[in-house]
>>> print(open('protein-v7.cif').read())   # mmCIF, C-alpha atoms
data_work
#
loop_
_atom_site.label_atom_id
_atom_site.label_comp_id
_atom_site.auth_asym_id
_atom_site.auth_seq_id
_atom_site.Cartn_x
_atom_site.Cartn_y
_atom_site.Cartn_z
CA MET G 161 82.25 -108.27 53.84
CA ARG G 162 83.52 -111.15 51.75
CA VAL G 163 82.63 -111.48 48.09
CA ILE G 164 83.87 -113.59 45.15
CA CYS G 165 83.12 -112.56 41.56
CA ASP G 166 84.33 -112.64 37.96
CA THR G 167 87.49 -110.53 37.65
CA GLN G 168 86.89 -109.32 34.09
CA LYS G 169 83.25 -108.41 34.70
CA LEU G 170 84.09 -106.46 37.86
CA SER G 171 86.92 -104.68 36.07
CA GLU G 172 84.64 -103.73 33.16
CA VAL G 173 81.93 -102.14 35.32
CA CYS G 174 84.50 -100.37 37.50
CA GLN G 175 86.09 -98.81 34.41
CA VAL G 176 82.67 -97.51 33.35
CA ILE G 177 81.61 -96.00 36.66
CA GLN G 178 85.08 -94.63 37.41
CA LYS G 179 84.39 -91.94 34.77
CA VAL G 180 82.07 -90.05 37.12
CA VAL G 181 84.32 -90.33 40.18
CA SER G 182 85.62 -87.02 41.49
CA THR G 183 89.39 -86.73 41.17
CA LYS G 184 89.84 -83.59 43.31
CA SER G 185 87.55 -83.27 46.28
CA THR G 186 87.60 -82.35 49.95
CA ILE G 187 85.35 -85.40 50.49
CA PRO G 188 87.57 -88.54 50.24
CA ALA G 189 84.55 -90.86 49.86
CA ILE G 190 83.52 -89.43 46.47
CA GLU G 191 86.98 -90.23 45.11
CA GLY G 192 86.05 -93.87 45.60
CA ILE G 193 83.61 -96.56 44.47
CA LEU G 194 81.04 -97.85 46.94
CA LEU G 195 80.86 -101.67 46.96
CA LYS G 196 77.83 -103.21 48.64
CA ALA G 197 77.50 -106.99 48.91
CA LEU G 198 73.89 -108.07 49.29
CA GLY G 199 72.00 -111.26 48.42
CA ASN G 200 73.74 -112.65 45.37
CA GLU G 201 74.84 -109.30 43.95
CA LEU G 202 77.70 -106.88 44.30
CA ILE G 203 76.27 -103.37 43.87
CA LEU G 204 78.68 -100.64 42.78
CA SER G 205 78.12 -96.88 42.94
CA ALA G 206 80.04 -93.70 42.11
CA TYR G 207 78.90 -90.12 42.70
CA ASP G 208 80.63 -86.74 42.32
CA LEU G 209 77.61 -84.80 43.68
CA GLU G 210 76.59 -83.89 40.12
CA VAL G 211 76.45 -87.25 38.35
CA GLY G 212 75.89 -90.61 40.02
CA ILE G 213 75.90 -94.12 38.61
CA ASN G 214 74.75 -97.48 40.00
CA THR G 215 75.16 -100.97 38.63
CA SER G 216 75.43 -104.55 39.89
CA ILE G 217 77.00 -107.87 38.95
CA ASN G 218 76.33 -111.44 40.05
CA ALA G 219 78.60 -112.53 42.86
CA LYS G 220 79.03 -115.15 45.57
CA ILE G 221 78.38 -113.29 48.83
CA GLU G 222 79.95 -115.16 51.73
CA GLU G 223 79.52 -112.23 54.10
CA PRO G 224 77.38 -109.16 53.32
CA GLY G 225 78.74 -105.66 53.90
CA SER G 226 79.85 -102.46 52.25
CA ILE G 227 83.00 -100.38 51.82
CA VAL G 228 84.33 -97.47 49.74
CA LEU G 229 87.62 -98.16 47.95
CA ASN G 230 89.68 -95.60 46.04
CA ALA G 231 88.44 -95.78 42.44
CA LYS G 232 91.75 -95.33 40.61
CA THR G 233 93.62 -97.82 42.77
CA LEU G 234 90.83 -100.40 42.58
CA CYS G 235 90.49 -100.10 38.80
CA ASP G 236 94.25 -100.33 38.28
CA ILE G 237 94.46 -103.46 40.45
CA LEU G 238 91.51 -105.19 38.77
CA ARG G 239 92.90 -104.51 35.31
CA HIS G 240 96.12 -106.37 36.14
CA LEU G 241 94.84 -109.32 38.17
CA PRO G 242 95.84 -112.75 36.77
CA GLY G 243 92.96 -114.96 37.90
CA GLU G 244 89.46 -115.48 36.47
CA THR G 245 87.89 -114.73 39.87
CA VAL G 246 88.69 -112.17 42.53
CA THR G 247 87.98 -112.22 46.26
CA ILE G 248 87.41 -108.98 48.14
CA ALA G 249 87.25 -109.44 51.89
CA SER G 250 87.58 -107.35 55.04
CA GLU G 251 90.46 -108.09 57.40
CA ASP G 252 90.62 -107.71 61.19
CA ASP G 253 90.50 -103.94 60.81
CA ARG G 254 87.00 -103.52 59.34
CA LEU G 255 88.24 -100.75 56.99
CA LYS G 256 91.19 -102.80 55.75
CA TYR G 257 90.37 -104.96 52.72
CA LYS G 258 92.23 -107.75 50.97
CA ILE G 259 91.92 -108.21 47.19
CA LYS G 260 93.13 -111.63 46.04
CA SER G 261 93.22 -113.26 42.59
CA GLY G 262 95.43 -116.21 41.72
CA GLU G 263 98.76 -115.66 43.45
CA SER G 264 98.32 -111.87 43.52
CA GLU G 265 97.21 -110.19 46.73
CA PHE G 266 96.67 -106.56 47.70
CA SER G 267 95.70 -104.91 50.95
CA LEU G 268 93.85 -101.56 50.84
CA MET G 269 92.49 -99.16 53.42
CA GLY G 270 88.89 -98.29 52.67
CA ILE G 271 86.46 -95.61 53.80
CA SER G 272 83.28 -96.30 55.73
CA ALA G 273 80.22 -96.67 53.49
CA THR G 274 78.36 -94.27 55.80
CA ASP G 275 80.60 -91.46 54.49
CA PHE G 276 79.45 -92.03 50.90
CA PRO G 277 76.75 -89.47 49.88
CA GLU G 278 73.39 -90.94 48.93
CA ILE G 279 72.60 -90.82 45.22
CA PRO G 280 69.13 -89.24 44.71
CA ASN G 281 66.32 -91.61 43.76
CA VAL G 282 64.26 -90.42 40.78
CA ASP G 283 60.98 -92.07 39.79
CA SER G 284 58.53 -89.93 37.83
CA GLY G 285 56.15 -92.81 37.20
CA PHE G 286 56.07 -92.18 33.45
CA PRO G 287 59.48 -93.01 31.93
CA ILE G 288 60.32 -91.64 28.49
CA VAL G 289 61.82 -94.39 26.37
CA VAL G 290 64.24 -93.55 23.55
CA GLU G 291 66.34 -95.84 21.39
CA SER G 292 69.96 -95.48 22.47
CA LYS G 293 71.10 -95.13 18.85
CA ILE G 294 68.78 -92.16 18.32
CA LEU G 295 69.66 -90.38 21.58
CA LYS G 296 73.37 -90.89 20.98
CA GLU G 297 73.07 -89.35 17.51
CA MET G 298 70.99 -86.42 18.80
CA VAL G 299 73.45 -85.62 21.59
CA ASN G 300 76.47 -85.83 19.28
CA GLN G 301 74.76 -83.46 16.83
CA THR G 302 74.11 -80.77 19.47
CA ILE G 303 76.67 -81.02 22.28
CA PHE G 304 79.36 -79.18 20.30
CA ALA G 305 77.29 -75.97 20.55
CA VAL G 306 77.01 -76.02 24.37
CA ALA G 307 78.58 -73.03 26.12
CA THR G 308 81.86 -73.89 27.83
CA ASN G 309 82.37 -70.54 29.53
CA ASP G 310 79.11 -68.71 30.11
CA SER G 311 77.93 -66.45 32.90
CA LYS G 312 74.59 -68.28 32.66
CA VAL G 313 75.31 -71.80 33.86
CA ILE G 314 72.12 -73.11 32.25
CA HIS G 315 73.68 -72.67 28.80
CA THR G 316 76.39 -75.20 29.72
CA GLY G 317 73.75 -77.90 29.29
CA ILE G 318 71.48 -79.31 26.60
CA LYS G 319 67.79 -78.46 26.75
CA PHE G 320 65.37 -81.35 26.21
CA GLU G 321 61.86 -80.53 25.01
CA ILE G 322 59.62 -83.60 24.98
CA SER G 323 56.04 -83.53 23.76
CA GLU G 324 53.67 -86.08 22.27
CA LYS G 325 55.53 -88.17 19.68
CA LYS G 326 58.51 -85.77 19.56
CA ILE G 327 61.81 -85.08 21.31
CA LYS G 328 63.92 -81.98 20.67
CA LEU G 329 67.45 -81.20 21.89
CA VAL G 330 68.72 -77.61 21.92
CA ALA G 331 72.23 -76.26 22.62
CA LEU G 332 73.62 -72.73 22.28
CA ASP G 333 76.57 -70.63 23.35
CA GLY G 334 75.64 -67.10 22.28
CA PHE G 335 77.31 -67.40 18.87
CA ARG G 336 75.62 -70.50 17.47
CA LEU G 337 72.57 -72.67 17.97
CA ALA G 338 72.05 -76.39 17.38
CA ILE G 339 68.62 -78.06 17.31
CA ARG G 340 67.96 -81.74 16.69
CA THR G 341 64.42 -83.17 16.51
CA GLU G 342 63.21 -86.77 16.30
CA ASN G 343 59.92 -88.64 16.49
CA ILE G 344 59.50 -91.02 19.43
CA ASP G 345 56.76 -93.24 20.82
CA TYR G 346 55.64 -91.02 23.72
CA SER G 347 52.16 -89.93 24.75
CA GLY G 348 52.75 -88.43 28.21
CA LYS G 349 52.61 -84.80 29.30
CA ASP G 350 54.92 -82.18 27.81
CA VAL G 351 58.16 -81.79 29.74
CA SER G 352 61.32 -79.74 29.31
CA PHE G 353 64.56 -79.65 31.29
CA VAL G 354 68.24 -78.79 30.93
CA ILE G 355 70.87 -81.41 31.74
CA PRO G 356 74.61 -80.65 32.09
CA ALA G 357 76.60 -81.55 28.98
CA LYS G 358 78.94 -83.74 31.05
CA SER G 359 76.03 -85.81 32.37
CA ILE G 360 74.34 -86.53 29.05
CA ASP G 361 77.73 -87.25 27.47
CA GLU G 362 78.31 -89.97 30.08
CA VAL G 363 74.84 -91.40 29.39
CA VAL G 364 75.43 -91.87 25.65
CA LYS G 365 78.97 -93.18 26.20
CA THR G 366 77.63 -95.81 28.61
CA ALA G 367 75.14 -97.06 25.99
CA THR G 368 77.45 -99.43 24.11
CA SER G 369 74.70 -101.27 22.21
CA ASN G 370 72.75 -99.52 19.44
CA ASP G 371 69.95 -102.06 19.90
CA SER G 372 69.20 -101.04 23.49
CA VAL G 373 66.77 -98.43 24.78
CA ILE G 374 67.22 -95.70 27.38
CA ALA G 375 64.45 -95.02 29.91
CA ILE G 376 64.37 -91.45 31.23
CA ASN G 377 62.72 -90.45 34.52
CA VAL G 378 62.45 -86.71 35.20
CA GLY G 379 62.15 -85.33 38.71
CA LYS G 380 62.04 -81.76 40.02
CA ARG G 381 65.78 -81.35 40.50
CA HIS G 382 67.25 -84.60 39.23
CA ILE G 383 66.91 -86.94 36.28
CA SER G 384 67.74 -90.63 35.89
CA PHE G 385 68.63 -92.73 32.86
CA GLU G 386 68.32 -96.51 32.76
CA VAL G 387 71.07 -97.51 30.34
CA GLU G 388 71.52 -101.25 29.84
CA ASN G 389 72.57 -102.45 33.32
CA TYR G 390 73.41 -98.97 34.65
CA THR G 391 71.35 -96.26 36.35
CA ILE G 392 72.77 -92.78 35.84
CA VAL G 393 71.44 -89.91 37.94
CA SER G 394 72.20 -86.25 37.30
CA ARG G 395 71.17 -82.93 38.74
CA LEU G 396 69.23 -80.64 36.43
CA LEU G 397 70.36 -77.11 35.64
CA GLU G 398 68.14 -74.34 36.93
CA GLY G 399 67.52 -70.93 35.40
CA GLU G 400 65.96 -69.34 32.34
CA PHE G 401 67.13 -70.82 29.06
CA LEU G 402 67.36 -68.30 26.21
CA ASN G 403 64.20 -68.00 24.07
CA TYR G 404 66.03 -69.30 21.01
CA THR G 405 62.97 -69.35 18.72
CA THR G 406 63.10 -65.56 18.29
CA ALA G 407 66.64 -65.82 16.86
CA ILE G 408 65.63 -68.14 14.00
CA PRO G 409 64.67 -66.33 10.76
CA LEU G 410 61.35 -67.46 9.32
CA SER G 411 62.84 -67.85 5.83
CA GLY G 412 65.85 -66.89 3.75
CA THR G 413 66.01 -64.38 0.91
CA THR G 414 68.92 -66.39 -0.47
CA VAL G 415 68.87 -70.19 -0.41
CA ALA G 416 71.88 -72.32 -1.35
CA ARG G 417 72.16 -76.07 -1.80
CA VAL G 418 75.66 -77.47 -1.57
CA ASP G 419 77.41 -80.81 -1.16
CA THR G 420 78.30 -81.10 2.53
CA LYS G 421 81.69 -82.82 2.18
CA THR G 422 82.77 -80.42 -0.56
CA PHE G 423 81.94 -77.42 1.64
CA ILE G 424 83.73 -78.96 4.66
CA LYS G 425 86.91 -79.65 2.68
CA SER G 426 86.89 -76.11 1.28
CA ILE G 427 86.57 -74.65 4.78
CA GLU G 428 89.43 -76.86 5.97
CA ARG G 429 91.65 -75.63 3.13
CA THR G 430 90.92 -71.95 3.57
CA SER G 431 91.30 -72.23 7.36
CA LEU G 432 94.89 -73.44 7.19
CA ILE G 433 96.23 -69.91 7.68
CA ILE G 434 93.83 -69.16 10.56
CA THR G 435 95.23 -70.00 14.00
CA ASP G 436 94.67 -68.97 17.61
CA LYS G 437 97.50 -66.47 17.13
CA PHE G 438 96.38 -65.29 13.69
CA LYS G 439 92.60 -65.02 13.81
CA SER G 440 90.40 -63.83 10.99
CA PRO G 441 86.83 -64.44 9.80
CA LEU G 442 86.17 -66.76 6.91
CA ARG G 443 84.73 -64.76 4.00
CA CYS G 444 81.98 -66.51 1.99
CA ILE G 445 80.39 -65.13 -1.16
CA PHE G 446 77.18 -66.86 -2.24
CA ASP G 447 76.59 -65.89 -5.86
CA THR G 448 74.72 -67.45 -8.82
CA ASP G 449 76.13 -70.99 -9.00
CA SER G 450 79.05 -71.02 -6.58
CA ILE G 451 80.37 -70.22 -3.13
CA LYS G 452 83.70 -68.41 -2.93
CA ILE G 453 85.52 -69.00 0.35
CA SER G 454 88.58 -66.99 1.40
CA SER G 455 90.62 -65.93 4.41
CA VAL G 456 93.29 -63.30 5.04
CA THR G 457 95.68 -63.20 8.00
CA SER G 458 99.18 -61.85 8.55
CA VAL G 459 100.41 -65.30 7.49
CA GLY G 460 98.98 -64.91 3.99
CA THR G 461 95.79 -65.46 1.97
CA ALA G 462 93.71 -68.47 0.93
CA ASN G 463 91.04 -68.64 -1.77
CA ASP G 464 88.74 -71.42 -2.93
CA LYS G 465 85.54 -71.87 -4.91
CA ILE G 466 82.95 -74.66 -4.90
CA PRO G 467 79.79 -75.27 -6.96
CA ALA G 468 76.36 -74.66 -5.42
CA LYS G 469 72.74 -74.19 -6.44
CA ILE G 470 71.78 -70.70 -5.32
CA ASP G 471 68.36 -69.08 -5.48
CA GLY G 472 68.23 -65.40 -4.54
CA GLY G 473 70.54 -62.41 -4.32
CA ARG G 474 74.29 -62.31 -3.85
CA VAL G 475 75.44 -62.42 -0.20
CA GLU G 476 78.92 -61.72 1.10
CA ILE G 477 79.23 -62.75 4.73
CA GLY G 478 81.89 -63.60 7.34
CA PHE G 479 82.01 -66.45 9.87
CA ASN G 480 84.11 -67.95 12.60
CA ASN G 481 85.63 -70.86 10.65
CA ARG G 482 85.32 -73.32 13.55
CA TYR G 483 81.63 -72.58 14.13
CA ILE G 484 80.62 -73.14 10.52
CA PHE G 485 82.87 -76.24 10.31
CA ASP G 486 81.37 -77.80 13.47
CA ALA G 487 77.84 -77.30 12.15
CA LEU G 488 78.55 -78.89 8.76
CA LYS G 489 80.55 -81.77 10.26
CA ASN G 490 77.58 -82.79 12.41
CA CYS G 491 74.91 -82.66 9.70
CA ASN G 492 75.25 -86.33 8.63
CA VAL G 493 73.62 -85.64 5.25
CA ASP G 494 75.13 -85.53 1.76
CA GLU G 495 73.66 -82.14 0.92
CA VAL G 496 72.61 -79.16 3.05
CA ARG G 497 70.21 -76.28 2.52
CA ILE G 498 71.61 -72.92 3.60
CA GLU G 499 69.35 -69.94 4.17
CA LEU G 500 70.68 -66.37 4.36
CA ASN G 501 69.20 -62.91 4.86
CA GLY G 502 72.07 -60.62 4.04
CA PRO G 503 75.55 -60.07 5.56
CA THR G 504 74.42 -59.16 9.09
CA SER G 505 71.81 -61.88 9.72
CA PRO G 506 72.58 -65.38 10.98
CA ILE G 507 73.10 -68.24 8.55
CA VAL G 508 70.76 -71.23 8.95
CA ILE G 509 71.85 -74.73 7.91
CA LEU G 510 69.11 -77.33 7.35
CA PRO G 511 68.66 -80.76 5.76
CA PRO G 512 67.59 -80.70 2.09
CA GLU G 513 63.93 -81.59 2.66
CA ASN G 514 62.95 -81.76 6.37
CA ASP G 515 63.68 -80.07 9.68
CA ASN G 516 65.34 -82.88 11.67
CA PHE G 517 68.17 -80.51 12.49
CA LEU G 518 68.79 -76.79 12.40
CA TYR G 519 72.13 -75.05 12.90
CA LEU G 520 72.35 -71.29 13.24
CA VAL G 521 75.63 -69.37 13.19
CA LEU G 522 75.98 -65.63 13.82
CA PRO G 523 78.06 -63.72 11.24
CA MET G 524 81.31 -61.84 11.91
CA ARG G 525 82.00 -58.33 10.66
CA LEU G 526 84.22 -58.27 7.58
CA LYS G 527 86.84 -55.64 6.90
CA ALA G 528 86.55 -53.86 3.57
#
>>> encode(input="protein-v7.cif", output="structure tokens")
Amino acid sequence: MRVICDTQKLSEVCQVIQKVVSTKSTIPAIEGILLKALGNELILSAYDLEVGINTSINAKIEEPGSIVLNAKTLCDILRHLPGETVTIASEDDRLKYKIKSGESEFSLMGISATDFPEIPNVDSGFPIVVESKILKEMVNQTIFAVATNDSKVIHTGIKFEISEKKIKLVALDGFRLAIRTENIDYSGKDVSFVIPAKSIDEVVKTATSNDSVIAINVGKRHISFEVENYTIVSRLLEGEFLNYTTAIPLSGTTVARVDTKTFIKSIERTSLIITDKFKSPLRCIFDTDSIKISSVTSVGTANDKIPAKIDGGRVEIGFNNRYIFDALKNCNVDEVRIELNGPTSPIVILPPENDNFLYLVLPMRLKA
């Protein structure tokens, strides 16, 4: 193989696809990037057996071929090359490759392309198209609630529920629930699947332009995303996702409306004495026209009070401070509607007027 291409462009795409490369594996090939020179393109692939990514750049192909080069070493070299173009060519030993740019020259031992695992091909025939800006926002507003240590692996992913004109993302970890819904231009059959949090996080990070769209193809065990000039393939999580709808109260006996930033800042203040070493629930009292927030640990006490519009009876309830903070931080609205049904029922956080998002947080028992 002998290929000449733009140094900066090759470096840029290698930095992107390096993110899915396995760093600790018994299979040396998946610690590398597969380079395949064909026609007038250099095709690059990375795959850690869970997430795979393909892309290509224009190149001058003087001799077609393919090789796997260590991802970290290749990316580090490309980032420091001095010339505008780079030549990658095999030497006498077909696995030994020379990388030359300007006066700089490196020689690397590669791995045979036949050792690189094949990335699954997914083509459902009816791609679901979503604006990258919308999907990025939806993922960011739910991924924080994904389980990080759960006996049910399926809860370590985000559930997608796609029906006519609507897409819904759901994440939960047993203590909280995050739902984000959006209208889309889709008229295909209803489909639902659960994708690992790591995979969908890479998808939205790869979408650098808010003006682009993401095409989703769903297979039986894998899913693919066409993101700008990249194709990202991920396995789907299997299992029974919790029937979350039964956990959501139909309505609240007490409804509060409060300024989101004001509530966040109050939680930050009253959480200053709560640490991993000194844990304690955050005590919230919803009453008449205010919310009183307090905490007590062996370090000391903290008290605060913020204005709110409250309709219904007085509720005194406890929460994990981080869970309630995460929910409010990801609302992206000036004011939130909070629905409560007493001290032992979950709190529900909603937008003021619609149901674009819903956050549910389970309460913690308060000491007298």
>>> residues_around(input="protein-v7.cif", residues="stretch 442-456 of chain G", least_positions_apart="5", cutoff="6 Å", atoms="only C-alpha atoms", output="ChimeraX atom specification")
/G:430,461-470,474-479,481
>>> resolve_selection(input="protein-v7.cif", expression="the PyMOL selection byres ((chain G and resi 170) around 12)", output="number ranges by chain")
G: 163-169, 171-178, 193, 195, 201-204, 215-219, 234-239, 241, 244-248
>>> atom_distance(input="protein-v7.cif", atom1="atom CA of G:Leu332", atom2="atom CA of G:Ile427")
21.9 Å
>>> closest_atom_pairs(input="protein-v7.cif", of="stretch 368-457 of chain G", to="stretch 339-347 of chain G", cutoff="12 Å", atoms="all atoms listed in the file", output="Markdown table")
| residue | atom | partner | partner_atom | distance |
| --- | --- | --- | --- | --- |
| G:Val373 | CA | G:Ile344 | CA | 11.7 |
| G:Ala375 | CA | G:Tyr346 | CA | 11.5 |
| G:Ile376 | CA | G:Tyr346 | CA | 11.5 |
| G:Tyr404 | CA | G:Ile339 | CA | 9.9 |
| G:Thr405 | CA | G:Ile339 | CA | 10.5 |
| G:Ile408 | CA | G:Ile339 | CA | 10.9 |
>>> resolve_selection(input="protein-v7.cif", expression="the PyMOL selection byres ((chain G and resi 293-296) around 10)", output="list in words")
Val290, Glu291, Ser292, Glu297, Met298, Val299, Asn300, Gln301, Ile327, Leu329, Glu342, Asn343, Ile344, Ile360, Asp361, Val363, Val364, Lys365, Ala367, Thr368, Ser369, Asn370, Asp371, Ser372, Val373 and Ile374 of chain G
>>> resolve_selection(input="protein-v7.cif", expression="the PyMOL selection byres ((chain G and resi 349) around 8)", output="list in words")
Ser323, Glu324, Ser347, Gly348, Asp350 and Val351 of chain G
>>> write_last_selection(input="protein-v7.cif", atoms="C-alpha atoms", output="mmCIF file, in the coordinates of the input")
data_model
loop_
_atom_site.group_PDB
_atom_site.id
_atom_site.type_symbol
_atom_site.label_atom_id
_atom_site.label_comp_id
_atom_site.auth_asym_id
_atom_site.auth_seq_id
_atom_site.Cartn_x
_atom_site.Cartn_y
_atom_site.Cartn_z
ATOM 1 C CA SER G 323 56.040 -83.530 23.760
ATOM 2 C CA GLU G 324 53.670 -86.080 22.270
ATOM 3 C CA SER G 347 52.160 -89.930 24.750
ATOM 4 C CA GLY G 348 52.750 -88.430 28.210
ATOM 5 C CA ASP G 350 54.920 -82.180 27.810
ATOM 6 C CA VAL G 351 58.160 -81.790 29.740
#
>>> residues_around(input="protein-v7.cif", residues="G:Val211", least_positions_apart="4", cutoff="8 Å", atoms="all atoms listed in the file", output="list in words")
Val180, Tyr207, Ser359, Ile392, Val393, Ser394 and Arg395 of chain G
>>> residues_around(input="protein-v7.cif", residues="G:Ala305", least_positions_apart="4", cutoff="12 Å", atoms="all atoms listed in the file", output="PyMOL selection string")
chain G and resi 299-301+309+315-319+329-340+357+482-487+490+518-521
>>> atom_distance(input="protein-v7.cif", atom1="atom CA of G:Leu397", atom2="atom CA of G:Val378")
12.4 Å
>>> closest_residue(input="protein-v7.cif", among="G:Ala189, G:Val354, G:Leu198, G:Met269", to="G:Glu223", atoms="all atoms listed in the file")
G:Leu198
>>> atom_distance(input="protein-v7.cif", atom1="atom CA of G:Lys179", atom2="atom CA of G:Asp275")
20.1 Å
>>> closest_residue(input="protein-v7.cif", among="G:Pro506, G:Pro280, G:Ile434, G:Asn200", to="G:Thr406", atoms="all atoms listed in the file")
G:Pro506
>>> residues_around(input="protein-v7.cif", residues="G:Asp252", least_positions_apart="5", cutoff="12 Å", atoms="only C-alpha atoms", output="list of chain:residue names")
G:Met161, G:Tyr257, G:Lys258, G:Ser267, G:Met269
>>> closest_residue(input="protein-v7.cif", among="G:Asn514, G:Asn230, G:Ser205, G:Thr504", to="G:Glu278", atoms="all atoms listed in the file")
G:Ser205
>>> decode(input="protein-v7.cif", residues="stretch 487-501 of chain G", atoms="C-alpha atoms", output="compact mmCIF listing (two decimals), in the first residue's frame")
# COMPACT_ATOMS: atom_id res chain seq x y z
CA ALA G 487 -32.55 16.98 37.01
CA LEU G 488 -32.87 20.75 37.40
CA LYS G 489 -29.55 21.45 35.66
CA ASN G 490 -30.72 19.62 32.54
CA CYS G 491 -34.17 21.24 32.26
CA ASN G 492 -33.06 24.13 30.00
CA VAL G 493 -36.12 26.21 30.93
CA ASP G 494 -36.41 29.34 33.09
CA GLU G 495 -39.18 27.92 35.25
CA VAL G 496 -40.18 24.38 36.23
CA ARG G 497 -43.40 22.80 37.40
CA ILE G 498 -42.95 20.42 40.32
CA GLU G 499 -45.63 17.90 41.24
CA LEU G 500 -45.69 16.12 44.62
CA ASN G 501 -47.92 13.57 46.34
